[in-house]
file protein20.cif (mmCIF, C-alpha atoms)
data_entry
loop_
_atom_site.label_atom_id
_atom_site.label_comp_id
_atom_site.auth_asym_id
_atom_site.auth_seq_id
_atom_site.Cartn_x
_atom_site.Cartn_y
_atom_site.Cartn_z
CA MET A 7 -13.54 -34.52 26.13
CA LEU A 8 -11.23 -31.50 25.90
CA SER A 9 -8.12 -31.54 23.78
CA VAL A 10 -5.47 -29.03 22.76
CA HIS A 11 -6.52 -29.49 19.14
CA GLN A 12 -10.00 -28.09 19.68
CA SER A 13 -10.58 -24.76 17.98
CA ASP A 14 -11.42 -21.61 19.89
CA PHE A 15 -14.97 -21.76 18.56
CA GLN A 16 -15.47 -25.34 19.75
CA LEU A 17 -14.19 -24.34 23.20
CA ILE A 18 -16.51 -21.31 23.23
CA ASP A 19 -19.51 -23.54 22.44
CA LEU A 20 -18.57 -25.85 25.29
CA ALA A 21 -18.03 -22.91 27.67
CA ILE A 22 -21.42 -21.43 26.74
CA ASN A 23 -22.96 -24.78 27.71
CA GLY A 24 -21.40 -24.47 31.15
CA ASP A 25 -18.09 -26.32 30.69
CA ASP A 26 -15.72 -24.41 32.99
CA ARG A 27 -12.71 -26.46 31.87
CA ALA A 28 -13.29 -25.29 28.30
CA PHE A 29 -13.28 -21.67 29.45
CA GLN A 30 -10.12 -22.28 31.46
CA HIS A 31 -8.56 -23.73 28.29
CA ILE A 32 -9.41 -20.53 26.42
CA VAL A 33 -7.75 -18.46 29.16
CA GLU A 34 -4.65 -20.67 29.16
CA ARG A 35 -4.40 -20.49 25.37
CA HIS A 36 -4.68 -16.70 25.14
CA GLN A 37 -3.33 -15.36 28.43
CA ARG A 38 0.15 -14.77 26.96
CA LEU A 39 -1.08 -12.42 24.27
CA VAL A 40 -3.27 -10.55 26.76
CA ALA A 41 -0.31 -10.33 29.18
CA THR A 42 1.98 -9.02 26.44
CA ALA A 43 -0.55 -6.40 25.31
CA SER A 44 -1.46 -5.12 28.78
CA MET A 45 2.02 -5.29 30.33
CA ASN A 46 3.63 -3.40 27.45
CA MET A 47 0.86 -0.83 27.59
CA VAL A 48 0.66 -0.14 31.35
CA GLY A 49 4.19 -1.14 32.37
CA ASP A 50 3.24 -2.66 35.73
CA MET A 51 2.61 -6.37 36.22
CA ASP A 52 0.03 -5.98 39.03
CA ILE A 53 -2.08 -3.60 36.95
CA ALA A 54 -1.55 -5.72 33.84
CA GLN A 55 -2.85 -8.78 35.74
CA LYS A 56 -5.97 -6.88 36.80
CA ILE A 57 -6.52 -5.77 33.22
CA GLY A 58 -5.93 -9.35 32.09
CA GLN A 59 -8.58 -10.63 34.50
CA GLN A 60 -11.01 -7.92 33.43
CA THR A 61 -10.39 -8.83 29.78
CA PHE A 62 -11.37 -12.45 30.29
CA ILE A 63 -14.30 -11.58 32.56
CA ARG A 64 -15.64 -9.22 29.88
CA PHE A 65 -15.26 -11.93 27.31
CA TYR A 66 -17.01 -14.40 29.63
CA LYS A 67 -20.00 -12.07 29.99
CA ALA A 68 -20.19 -11.40 26.23
CA MET A 69 -19.37 -14.95 25.12
CA HIS A 70 -22.96 -15.73 24.08
CA SER A 71 -22.99 -12.89 21.58
CA PHE A 72 -19.45 -13.44 20.27
CA LYS A 73 -19.54 -13.37 16.46
CA LYS A 74 -17.56 -16.28 15.13
CA GLU A 75 -16.34 -14.50 12.03
CA ALA A 76 -13.89 -12.58 14.26
CA LYS A 77 -10.66 -14.13 15.53
CA LEU A 78 -10.77 -14.65 19.29
CA SER A 79 -7.14 -13.52 19.70
CA THR A 80 -7.89 -10.20 17.96
CA TYR A 81 -11.07 -9.76 20.00
CA LEU A 82 -9.25 -10.34 23.31
CA THR A 83 -6.35 -8.08 22.31
CA ARG A 84 -8.83 -5.31 21.48
CA ILE A 85 -10.42 -5.59 24.95
CA ALA A 86 -7.00 -5.65 26.66
CA ILE A 87 -5.73 -2.63 24.71
CA ASN A 88 -8.93 -0.65 25.33
CA LEU A 89 -8.86 -1.41 29.06
CA SER A 90 -5.17 -0.44 29.17
CA LEU A 91 -5.83 2.82 27.35
CA ASN A 92 -8.73 3.59 29.70
CA HIS A 93 -6.48 2.92 32.67
CA LEU A 94 -3.73 5.15 31.28
CA LYS A 95 -6.16 7.97 30.52
CA ARG A 96 -7.60 7.76 34.03
CA LYS A 97 -4.38 7.48 35.97
CA GLN A 98 -1.56 8.87 33.89
CA THR A 99 -1.58 12.59 34.47
CA PHE A 100 1.19 14.68 33.04
CA ALA A 101 2.84 14.94 36.44
CA GLN A 102 2.88 11.15 36.84
CA ARG A 103 4.37 10.72 33.37
CA SER A 104 7.17 13.11 34.17
CA LEU A 105 7.81 11.29 37.42
CA ASP A 106 7.89 7.93 35.64
CA LEU A 107 10.33 9.28 33.10
CA SER A 108 12.71 10.64 35.72
CA LYS A 109 12.35 7.40 37.66
CA ALA A 110 13.33 5.45 34.53
CA ILE A 111 16.39 7.62 34.01
CA ASN A 112 17.38 7.23 37.67
CA VAL A 113 17.12 3.47 37.34
CA LYS A 114 19.63 3.69 34.51
CA ALA A 115 21.90 5.92 36.56
CA ASP A 116 21.69 3.60 39.57
CA SER A 117 22.31 0.39 37.76
CA ASP A 118 24.05 -0.73 34.62
CA THR A 119 22.96 -4.31 35.08
CA LEU A 120 19.60 -3.92 33.35
CA ASP A 121 19.05 -6.40 30.57
CA ASN A 122 17.88 -5.53 27.06
CA LYS A 123 14.28 -6.40 27.83
CA GLN A 124 14.11 -4.02 30.81
CA VAL A 125 15.73 -1.18 28.88
CA VAL A 126 13.38 -1.58 25.90
CA HIS A 127 10.47 -1.82 28.35
CA MET A 128 11.43 1.52 29.91
CA ALA A 129 11.83 3.15 26.52
CA LEU A 130 8.37 1.89 25.54
CA GLN A 131 6.84 3.43 28.66
CA MET A 132 8.26 6.80 27.60
CA LEU A 133 6.17 6.76 24.42
CA ASP A 134 2.78 8.39 24.49
CA HIS A 135 -0.26 6.09 24.42
CA LYS A 136 -1.15 6.39 20.77
CA HIS A 137 2.37 5.59 19.54
CA ARG A 138 2.90 2.89 22.15
CA SER A 139 -0.28 1.02 21.25
CA VAL A 140 0.72 0.85 17.56
CA VAL A 141 4.29 -0.26 18.34
CA VAL A 142 3.00 -2.92 20.75
CA LEU A 143 0.49 -4.35 18.29
CA ARG A 144 2.60 -4.17 15.13
CA MET A 145 6.13 -4.82 16.34
CA ILE A 146 5.69 -6.85 19.53
CA GLN A 147 2.51 -8.81 18.91
CA GLY A 148 3.04 -9.14 15.18
CA TYR A 149 -0.39 -8.00 14.00
CA SER A 150 -0.63 -6.76 10.41
CA THR A 151 -1.31 -3.10 9.63
CA ASP A 152 -4.93 -3.99 8.78
CA GLU A 153 -5.44 -5.90 12.03
CA THR A 154 -3.83 -3.08 14.07
CA ALA A 155 -6.12 -0.54 12.37
CA ASP A 156 -9.09 -2.79 13.14
CA ILE A 157 -8.15 -3.28 16.81
CA LEU A 158 -7.50 0.42 17.45
CA GLU A 159 -10.37 1.55 15.17
CA ILE A 160 -8.17 4.00 13.31
CA PRO A 161 -7.37 4.30 9.57
CA LYS A 162 -4.53 2.25 8.06
CA GLY A 163 -2.61 5.40 7.13
CA THR A 164 -2.69 6.53 10.77
CA VAL A 165 -1.25 3.18 11.88
CA LEU A 166 1.64 3.56 9.42
CA SER A 167 2.42 7.15 10.40
CA ARG A 168 2.17 6.41 14.14
CA LEU A 169 4.40 3.38 13.73
CA LYS A 170 7.08 5.38 11.91
CA ARG A 171 6.94 8.17 14.48
CA GLY A 172 6.75 5.73 17.40
CA LEU A 173 9.85 3.83 16.29
CA GLU A 174 11.77 7.08 15.78
CA LYS A 175 10.85 8.21 19.28
CA LEU A 176 11.71 4.80 20.72
CA LYS A 177 15.20 4.91 19.20
CA LYS A 178 15.64 8.45 20.51
CA HIS A 179 14.63 7.44 24.06
CA LEU A 180 16.92 4.43 23.96
CA LYS A 181 19.91 6.43 22.75
CA GLU A 182 19.48 9.77 24.48
CA ASP A 183 17.52 9.07 27.69
CA LEU A 184 18.71 5.56 28.47
CA LYS A 185 22.15 5.75 26.82
CA TYR A 186 21.54 2.43 25.13
CA GLU A 187 23.54 1.59 22.02
CA LEU A 188 21.49 0.01 19.26
CA SER A 189 24.12 -2.07 17.48
CA MET B 150 14.90 -7.64 10.62
CA ASN B 151 16.98 -4.97 12.37
CA TYR B 152 18.25 -5.10 15.94
CA LEU B 153 15.43 -2.97 17.39
CA ASP B 154 12.81 -5.21 15.73
CA GLN B 155 14.48 -8.23 17.33
CA LEU B 156 14.50 -6.55 20.74
CA LEU B 157 10.83 -5.62 20.43
CA ARG B 158 9.88 -9.17 19.46
CA LYS B 159 11.32 -10.30 22.80
CA GLN B 160 8.98 -8.08 24.87
CA GLN B 161 6.68 -11.01 25.60
CA TYR B 162 5.03 -11.55 29.00
CA ASP B 163 3.10 -14.20 30.85
CA PHE B 164 0.71 -14.01 33.81
CA GLY B 165 1.88 -17.27 35.38
CA SER B 166 0.38 -20.71 35.77
CA ASP B 167 -2.29 -19.85 38.37
CA PHE B 168 -3.79 -17.02 36.30
CA SER B 169 -6.44 -19.16 34.58
CA SER B 170 -7.59 -20.54 37.96
CA ARG B 171 -7.98 -17.01 39.32
CA VAL B 172 -10.03 -15.99 36.28
CA LEU B 173 -12.15 -19.10 36.67
CA ASN B 174 -12.79 -18.27 40.35
CA ALA B 175 -13.88 -14.77 39.34
CA THR B 176 -16.26 -16.07 36.66
CA THR B 177 -17.69 -18.65 39.08
CA ALA B 178 -18.40 -15.84 41.54
CA ILE B 179 -20.23 -13.95 38.78
CA LYS B 180 -22.26 -17.06 37.92
CA ASP B 181 -23.20 -17.53 41.58
CA ARG B 182 -24.27 -13.90 41.92
CA SER B 183 -26.36 -13.70 38.75
CA PRO B 184 -29.07 -16.36 38.42
CA SER B 185 -29.93 -17.38 34.87
CA VAL B 186 -32.93 -15.99 32.95
CA HIS B 187 -35.06 -19.09 33.44
CA TRP B 188 -34.98 -18.60 37.22
CA PHE B 189 -36.13 -15.02 36.74
CA LEU B 190 -39.03 -16.16 34.50
CA LEU B 191 -39.93 -18.92 36.95
CA GLY B 192 -39.99 -16.36 39.78
CA ALA B 193 -42.26 -14.03 37.79
CA ALA B 194 -44.63 -16.92 36.93
CA ALA B 195 -44.75 -18.05 40.58
CA THR B 196 -45.56 -14.49 41.71
CA ILE B 197 -48.45 -14.20 39.24
CA GLY B 198 -49.71 -17.64 40.31
CA LEU B 199 -49.67 -16.69 43.99
CA CYS B 200 -51.49 -13.43 43.22
CA ALA B 201 -54.18 -15.34 41.31
CA LEU B 202 -54.57 -17.84 44.16
CA SER B 203 -54.94 -15.13 46.81
CA ILE B 204 -57.52 -13.28 44.65
CA TYR B 205 -59.50 -16.50 44.21
CA ILE B 206 -59.48 -17.10 47.98
CA LEU B 207 -60.55 -13.51 48.74
CA GLU B 208 -63.14 -13.02 45.96
CA GLY B 209 -64.44 -16.55 45.53
CA HIS B 210 -63.89 -16.45 41.79
CA LEU B 211 -61.19 -15.38 39.37
CA SER B 212 -61.64 -13.16 36.35
CA ILE B 213 -59.69 -10.44 34.55
CA ASP B 214 -61.68 -7.81 36.51
CA THR B 215 -60.94 -9.34 39.90
CA PHE B 216 -57.32 -9.87 38.93
CA LEU B 217 -56.92 -6.23 37.84
CA GLY B 218 -59.08 -4.97 40.73
CA THR B 219 -61.53 -3.21 38.38
CA ASP B 220 -64.70 -5.21 39.19
CA GLY B 221 -65.64 -2.88 42.09
CA LEU B 222 -64.77 0.16 40.02
CA TYR B 223 -67.14 -0.84 37.23
CA ASN B 224 -70.07 -1.74 39.50
CA ASP B 225 -69.90 1.10 41.99
CA THR B 226 -67.72 4.05 41.19
CA LEU B 227 -68.17 4.23 37.46
CA ILE B 228 -72.00 3.83 37.55
CA ASP B 229 -72.24 6.45 40.31
CA TYR B 230 -70.12 8.76 38.26
CA LEU B 231 -72.33 8.22 35.17
CA ASN B 232 -75.53 8.80 37.20
CA ILE B 233 -74.20 12.10 38.48
CA GLN B 234 -73.45 13.13 34.93
#

call {"tool": "encode", "arguments": {"input": "protein20.cif", "output": "structure tokens"}}
result
Amino acid sequence: MLSVHQSDFQLIDLAINGDDRAFQHIVERHQRLVATASMNMVGDMDIAQKIGQQTFIRFYKAMHSFKKEAKLSTYLTRIAINLSLNHLKRKQTFAQRSLDLSKAINVKADSDTLDNKQVVHMALQMLDHKHRSVVVLRMIQGYSTDETADILEIPKGTVLSRLKRGLEKLKKHLKEDLKYELS
Amino acid sequence: MNYLDQLLRKQQYDFGSDFSSRVLNATTAIKDRSPSVHWFLLGAAATIGLCALSIYILEGHLSIDTFLGTDGLYNDTLIDYLNIQ
């Protein structure tokens, strides 16, 4: 019998034995963190949904070999971030980035009714991938520096320097490009 | 926590209530497309069994030589070859 109190590992064991409801439970439990990671990385909900689906399908295929010393949330976030980065590398040419940036500025010019979330979202999309991924994991998803380093497979010092630089750039984009007052 | 930190903390998203069902449909499709390993092994065993049966019917007996098709080679070709040598 499934319950909300069952651990991820118990649900994985049930899912491996063919319990589809257990797998659905895992998806329901973790979809928010996958959505937050992918949406903040790619900036488009349709693409983020596809990446989200791919993330869980990859996990489904690799579930039998999942090592239980790792946290499932970290494992899923790593897949989502890697798929997002792959997508950005494939699709985001310099020309597209420039277009996105000008589009973001035009949105600001056209409308002053954007809420804080939309403005911060646009500023995030102006960051390059390596800074964005660190800001998303550390500041939005609340992972520690160690966990962020582990997910991105980069040294701890690199996480700290990218975070500092990323936040500086984010403030600059908010103030200068989007004319947003951080008070 | 400064104001920017607070704003960033609010950048949370959700895929919606039907997302898990869509993922489940996709995984079910994968399951339907890829039969499990035991079906593959059963198929291989059945193929070998059918081969053995057809060899027995054709040759009247079953041995490693008849199964590998080397009985004729040993009796005819190889002896001829040795005689020539």

call {"tool": "atom_distance", "arguments": {"input": "protein20.cif", "atom1": "CA of Trp188 in chain B", "atom2": "CA of Gln60 in chain A"}}
result
26.5 Å

call {"tool": "residues_around", "arguments": {"input": "protein20.cif", "residues": "Ser44 in chain A", "least_positions_apart": "2", "cutoff": "9 Å", "atoms": "all atoms listed in the file", "output": "MDAnalysis selection string"}}
result
chainID A and resid 39:42 46:51 53:55 57:58 83 86:87 89:90

call {"tool": "write_last_selection", "arguments": {"input": "protein20.cif", "atoms": "C-alpha atoms", "output": "PDB file, in the frame of the given file"}}
result
ATOM      1  CA  LEU A  39      -1.080 -12.420  24.270  1.00  0.00           C
ATOM      2  CA  VAL A  40      -3.270 -10.550  26.760  1.00  0.00           C
ATOM      3  CA  ALA A  41      -0.310 -10.330  29.180  1.00  0.00           C
ATOM      4  CA  THR A  42       1.980  -9.020  26.440  1.00  0.00           C
ATOM      5  CA  ASN A  46       3.630  -3.400  27.450  1.00  0.00           C
ATOM      6  CA  MET A  47       0.860  -0.830  27.590  1.00  0.00           C
ATOM      7  CA  VAL A  48       0.660  -0.140  31.350  1.00  0.00           C
ATOM      8  CA  GLY A  49       4.190  -1.140  32.370  1.00  0.00           C
ATOM      9  CA  ASP A  50       3.240  -2.660  35.730  1.00  0.00           C
ATOM     10  CA  MET A  51       2.610  -6.370  36.220  1.00  0.00           C
ATOM     11  CA  ILE A  53      -2.080  -3.600  36.950  1.00  0.00           C
ATOM     12  CA  ALA A  54      -1.550  -5.720  33.840  1.00  0.00           C
ATOM     13  CA  GLN A  55      -2.850  -8.780  35.740  1.00  0.00           C
ATOM     14  CA  ILE A  57      -6.520  -5.770  33.220  1.00  0.00           C
ATOM     15  CA  GLY A  58      -5.930  -9.350  32.090  1.00  0.00           C
ATOM     16  CA  THR A  83      -6.350  -8.080  22.310  1.00  0.00           C
ATOM     17  CA  ALA A  86      -7.000  -5.650  26.660  1.00  0.00           C
ATOM     18  CA  ILE A  87      -5.730  -2.630  24.710  1.00  0.00           C
ATOM     19  CA  LEU A  89      -8.860  -1.410  29.060  1.00  0.00           C
ATOM     20  CA  SER A  90      -5.170  -0.440  29.170  1.00  0.00           C
TER      21      SER A  90
END

call {"tool": "resolve_selection", "arguments": {"input": "protein20.cif", "expression": "the PyMOL selection byres ((chain A and resi 77) around 12)", "output": "VMD selection string"}}
result
chain A and resid 13 to 15 36 72 to 76 78 to 84 153 156 to 157

call {"tool": "interface_residues", "arguments": {"input": "protein20.cif", "of": "chain A", "to": "chain B", "cutoff": "9 Å", "atoms": "only C-alpha atoms", "output": "MDAnalysis selection string"}}
result
chainID A and resid 26:27 29:34 37:43 45:46 51 54:55 58:60 62:63 66:67 122:124 126:127 141:142 145:148 173 177 188:189

call {"tool": "residues_around", "arguments": {"input": "protein20.cif", "residues": "Lys175 in chain A", "least_positions_apart": "5", "cutoff": "9 Å", "atoms": "only C-alpha atoms", "output": "PyMOL selection string"}}
result
chain A and resi 129+132-133+137+170+180

call {"tool": "residues_around", "arguments": {"input": "protein20.cif", "residues": "Pro161 in chain A", "least_positions_apart": "6", "cutoff": "10 Å", "atoms": "all atoms listed in the file", "output": "list of chain:residue names"}}
result
A:Thr151, A:Asp152, A:Thr154, A:Ala155

call {"tool": "atom_distance", "arguments": {"input": "protein20.cif", "atom1": "CA of Ala178 in chain B", "atom2": "CA of His11 in chain A"}}
result
28.8 Å

call {"tool": "atom_distance", "arguments": {"input": "protein20.cif", "atom1": "CA of Val140 in chain A", "atom2": "CA of Ile18 in chain A"}}
result
28.6 Å

call {"tool": "build_atoms", "arguments": {"input": "protein20.cif", "residues": "range 165-200 of chain B", "atoms": "N, CA and C atoms", "output": "PDB file, in the coordinates of the input"}}
result
ATOM      1  N   GLY B 165       1.581 -16.201  34.431  1.00  0.00           N
ATOM      2  CA  GLY B 165       1.880 -17.270  35.380  1.00  0.00           C
ATOM      3  C   GLY B 165       0.838 -18.372  35.339  1.00  0.00           C
ATOM      4  N   SER B 166       1.204 -19.507  35.942  1.00  0.00           N
ATOM      5  CA  SER B 166       0.380 -20.710  35.770  1.00  0.00           C
ATOM      6  C   SER B 166      -0.952 -20.661  36.518  1.00  0.00           C
ATOM      7  N   ASP B 167      -1.035 -19.857  37.594  1.00  0.00           N
ATOM      8  CA  ASP B 167      -2.290 -19.850  38.370  1.00  0.00           C
ATOM      9  C   ASP B 167      -3.285 -18.807  37.853  1.00  0.00           C
ATOM     10  N   PHE B 168      -2.919 -18.090  36.790  1.00  0.00           N
ATOM     11  CA  PHE B 168      -3.790 -17.020  36.300  1.00  0.00           C
ATOM     12  C   PHE B 168      -5.168 -17.549  35.855  1.00  0.00           C
ATOM     13  N   SER B 169      -5.158 -18.649  35.096  1.00  0.00           N
ATOM     14  CA  SER B 169      -6.440 -19.160  34.580  1.00  0.00           C
ATOM     15  C   SER B 169      -7.357 -19.596  35.725  1.00  0.00           C
ATOM     16  N   SER B 170      -6.769 -20.135  36.797  1.00  0.00           N
ATOM     17  CA  SER B 170      -7.590 -20.540  37.960  1.00  0.00           C
ATOM     18  C   SER B 170      -8.219 -19.331  38.620  1.00  0.00           C
ATOM     19  N   ARG B 171      -7.441 -18.234  38.702  1.00  0.00           N
ATOM     20  CA  ARG B 171      -7.980 -17.010  39.320  1.00  0.00           C
ATOM     21  C   ARG B 171      -9.121 -16.440  38.484  1.00  0.00           C
ATOM     22  N   VAL B 172      -8.959 -16.483  37.158  1.00  0.00           N
ATOM     23  CA  VAL B 172     -10.030 -15.990  36.280  1.00  0.00           C
ATOM     24  C   VAL B 172     -11.270 -16.869  36.451  1.00  0.00           C
ATOM     25  N   LEU B 173     -11.030 -18.166  36.520  1.00  0.00           N
ATOM     26  CA  LEU B 173     -12.150 -19.100  36.670  1.00  0.00           C
ATOM     27  C   LEU B 173     -12.893 -18.861  37.990  1.00  0.00           C
ATOM     28  N   ASN B 174     -12.151 -18.592  39.061  1.00  0.00           N
ATOM     29  CA  ASN B 174     -12.790 -18.270  40.350  1.00  0.00           C
ATOM     30  C   ASN B 174     -13.651 -17.033  40.222  1.00  0.00           C
ATOM     31  N   ALA B 175     -13.127 -16.027  39.513  1.00  0.00           N
ATOM     32  CA  ALA B 175     -13.880 -14.770  39.340  1.00  0.00           C
ATOM     33  C   ALA B 175     -15.155 -15.008  38.528  1.00  0.00           C
ATOM     34  N   THR B 176     -15.066 -15.819  37.482  1.00  0.00           N
ATOM     35  CA  THR B 176     -16.260 -16.070  36.660  1.00  0.00           C
ATOM     36  C   THR B 176     -17.275 -16.927  37.420  1.00  0.00           C
ATOM     37  N   THR B 177     -16.782 -17.837  38.263  1.00  0.00           N
ATOM     38  CA  THR B 177     -17.690 -18.650  39.080  1.00  0.00           C
ATOM     39  C   THR B 177     -18.451 -17.761  40.049  1.00  0.00           C
ATOM     40  N   ALA B 178     -17.749 -16.783  40.617  1.00  0.00           N
ATOM     41  CA  ALA B 178     -18.400 -15.840  41.540  1.00  0.00           C
ATOM     42  C   ALA B 178     -19.496 -15.063  40.816  1.00  0.00           C
ATOM     43  N   ILE B 179     -19.229 -14.679  39.569  1.00  0.00           N
ATOM     44  CA  ILE B 179     -20.230 -13.950  38.780  1.00  0.00           C
ATOM     45  C   ILE B 179     -21.449 -14.842  38.548  1.00  0.00           C
ATOM     46  N   LYS B 180     -21.165 -16.117  38.185  1.00  0.00           N
ATOM     47  CA  LYS B 180     -22.260 -17.060  37.920  1.00  0.00           C
ATOM     48  C   LYS B 180     -23.127 -17.246  39.158  1.00  0.00           C
ATOM     49  N   ASP B 181     -22.468 -17.328  40.335  1.00  0.00           N
ATOM     50  CA  ASP B 181     -23.200 -17.530  41.580  1.00  0.00           C
ATOM     51  C   ASP B 181     -24.058 -16.324  41.937  1.00  0.00           C
ATOM     52  N   ARG B 182     -23.536 -15.137  41.580  1.00  0.00           N
ATOM     53  CA  ARG B 182     -24.270 -13.900  41.920  1.00  0.00           C
ATOM     54  C   ARG B 182     -25.444 -13.657  41.000  1.00  0.00           C
ATOM     55  N   SER B 183     -25.299 -14.024  39.723  1.00  0.00           N
ATOM     56  CA  SER B 183     -26.360 -13.700  38.750  1.00  0.00           C
ATOM     57  C   SER B 183     -27.080 -14.955  38.299  1.00  0.00           C
ATOM     58  N   PRO B 184     -28.321 -15.182  38.832  1.00  0.00           N
ATOM     59  CA  PRO B 184     -29.070 -16.360  38.420  1.00  0.00           C
ATOM     60  C   PRO B 184     -29.453 -16.265  36.942  1.00  0.00           C
ATOM     61  N   SER B 185     -29.638 -17.401  36.309  1.00  0.00           N
ATOM     62  CA  SER B 185     -29.930 -17.380  34.870  1.00  0.00           C
ATOM     63  C   SER B 185     -31.359 -16.902  34.612  1.00  0.00           C
ATOM     64  N   VAL B 186     -31.653 -16.596  33.348  1.00  0.00           N
ATOM     65  CA  VAL B 186     -32.930 -15.990  32.950  1.00  0.00           C
ATOM     66  C   VAL B 186     -34.102 -16.894  33.304  1.00  0.00           C
ATOM     67  N   HIS B 187     -33.908 -18.213  33.188  1.00  0.00           N
ATOM     68  CA  HIS B 187     -35.060 -19.090  33.440  1.00  0.00           C
ATOM     69  C   HIS B 187     -35.520 -19.041  34.894  1.00  0.00           C
ATOM     70  N   TRP B 188     -34.575 -18.742  35.808  1.00  0.00           N
ATOM     71  CA  TRP B 188     -34.980 -18.600  37.220  1.00  0.00           C
ATOM     72  C   TRP B 188     -35.786 -17.318  37.409  1.00  0.00           C
ATOM     73  N   PHE B 189     -35.399 -16.282  36.670  1.00  0.00           N
ATOM     74  CA  PHE B 189     -36.130 -15.020  36.740  1.00  0.00           C
ATOM     75  C   PHE B 189     -37.566 -15.216  36.218  1.00  0.00           C
ATOM     76  N   LEU B 190     -37.702 -15.913  35.084  1.00  0.00           N
ATOM     77  CA  LEU B 190     -39.030 -16.160  34.500  1.00  0.00           C
ATOM     78  C   LEU B 190     -39.874 -17.038  35.424  1.00  0.00           C
ATOM     79  N   LEU B 191     -39.213 -18.031  36.017  1.00  0.00           N
ATOM     80  CA  LEU B 191     -39.930 -18.920  36.950  1.00  0.00           C
ATOM     81  C   LEU B 191     -40.430 -18.119  38.153  1.00  0.00           C
ATOM     82  N   GLY B 192     -39.607 -17.213  38.647  1.00  0.00           N
ATOM     83  CA  GLY B 192     -39.990 -16.360  39.780  1.00  0.00           C
ATOM     84  C   GLY B 192     -41.182 -15.482  39.436  1.00  0.00           C
ATOM     85  N   ALA B 193     -41.164 -14.892  38.226  1.00  0.00           N
ATOM     86  CA  ALA B 193     -42.260 -14.030  37.790  1.00  0.00           C
ATOM     87  C   ALA B 193     -43.562 -14.849  37.669  1.00  0.00           C
ATOM     88  N   ALA B 194     -43.449 -16.054  37.100  1.00  0.00           N
ATOM     89  CA  ALA B 194     -44.630 -16.920  36.930  1.00  0.00           C
ATOM     90  C   ALA B 194     -45.194 -17.327  38.292  1.00  0.00           C
ATOM     91  N   ALA B 195     -44.308 -17.653  39.233  1.00  0.00           N
ATOM     92  CA  ALA B 195     -44.750 -18.050  40.580  1.00  0.00           C
ATOM     93  C   ALA B 195     -45.451 -16.896  41.280  1.00  0.00           C
ATOM     94  N   THR B 196     -44.942 -15.673  41.095  1.00  0.00           N
ATOM     95  CA  THR B 196     -45.560 -14.490  41.710  1.00  0.00           C
ATOM     96  C   THR B 196     -46.971 -14.275  41.174  1.00  0.00           C
ATOM     97  N   ILE B 197     -47.117 -14.377  39.851  1.00  0.00           N
ATOM     98  CA  ILE B 197     -48.450 -14.200  39.240  1.00  0.00           C
ATOM     99  C   ILE B 197     -49.399 -15.298  39.725  1.00  0.00           C
ATOM    100  N   GLY B 198     -48.898 -16.513  39.824  1.00  0.00           N
ATOM    101  CA  GLY B 198     -49.710 -17.640  40.310  1.00  0.00           C
ATOM    102  C   GLY B 198     -50.196 -17.419  41.738  1.00  0.00           C
ATOM    103  N   LEU B 199     -49.304 -16.958  42.592  1.00  0.00           N
ATOM    104  CA  LEU B 199     -49.670 -16.690  43.990  1.00  0.00           C
ATOM    105  C   LEU B 199     -50.695 -15.560  44.086  1.00  0.00           C
ATOM    106  N   CYS B 200     -50.520 -14.538  43.254  1.00  0.00           N
ATOM    107  CA  CYS B 200     -51.490 -13.430  43.220  1.00  0.00           C
ATOM    108  C   CYS B 200     -52.874 -13.957  42.844  1.00  0.00           C
TER     109      CYS B 200
END
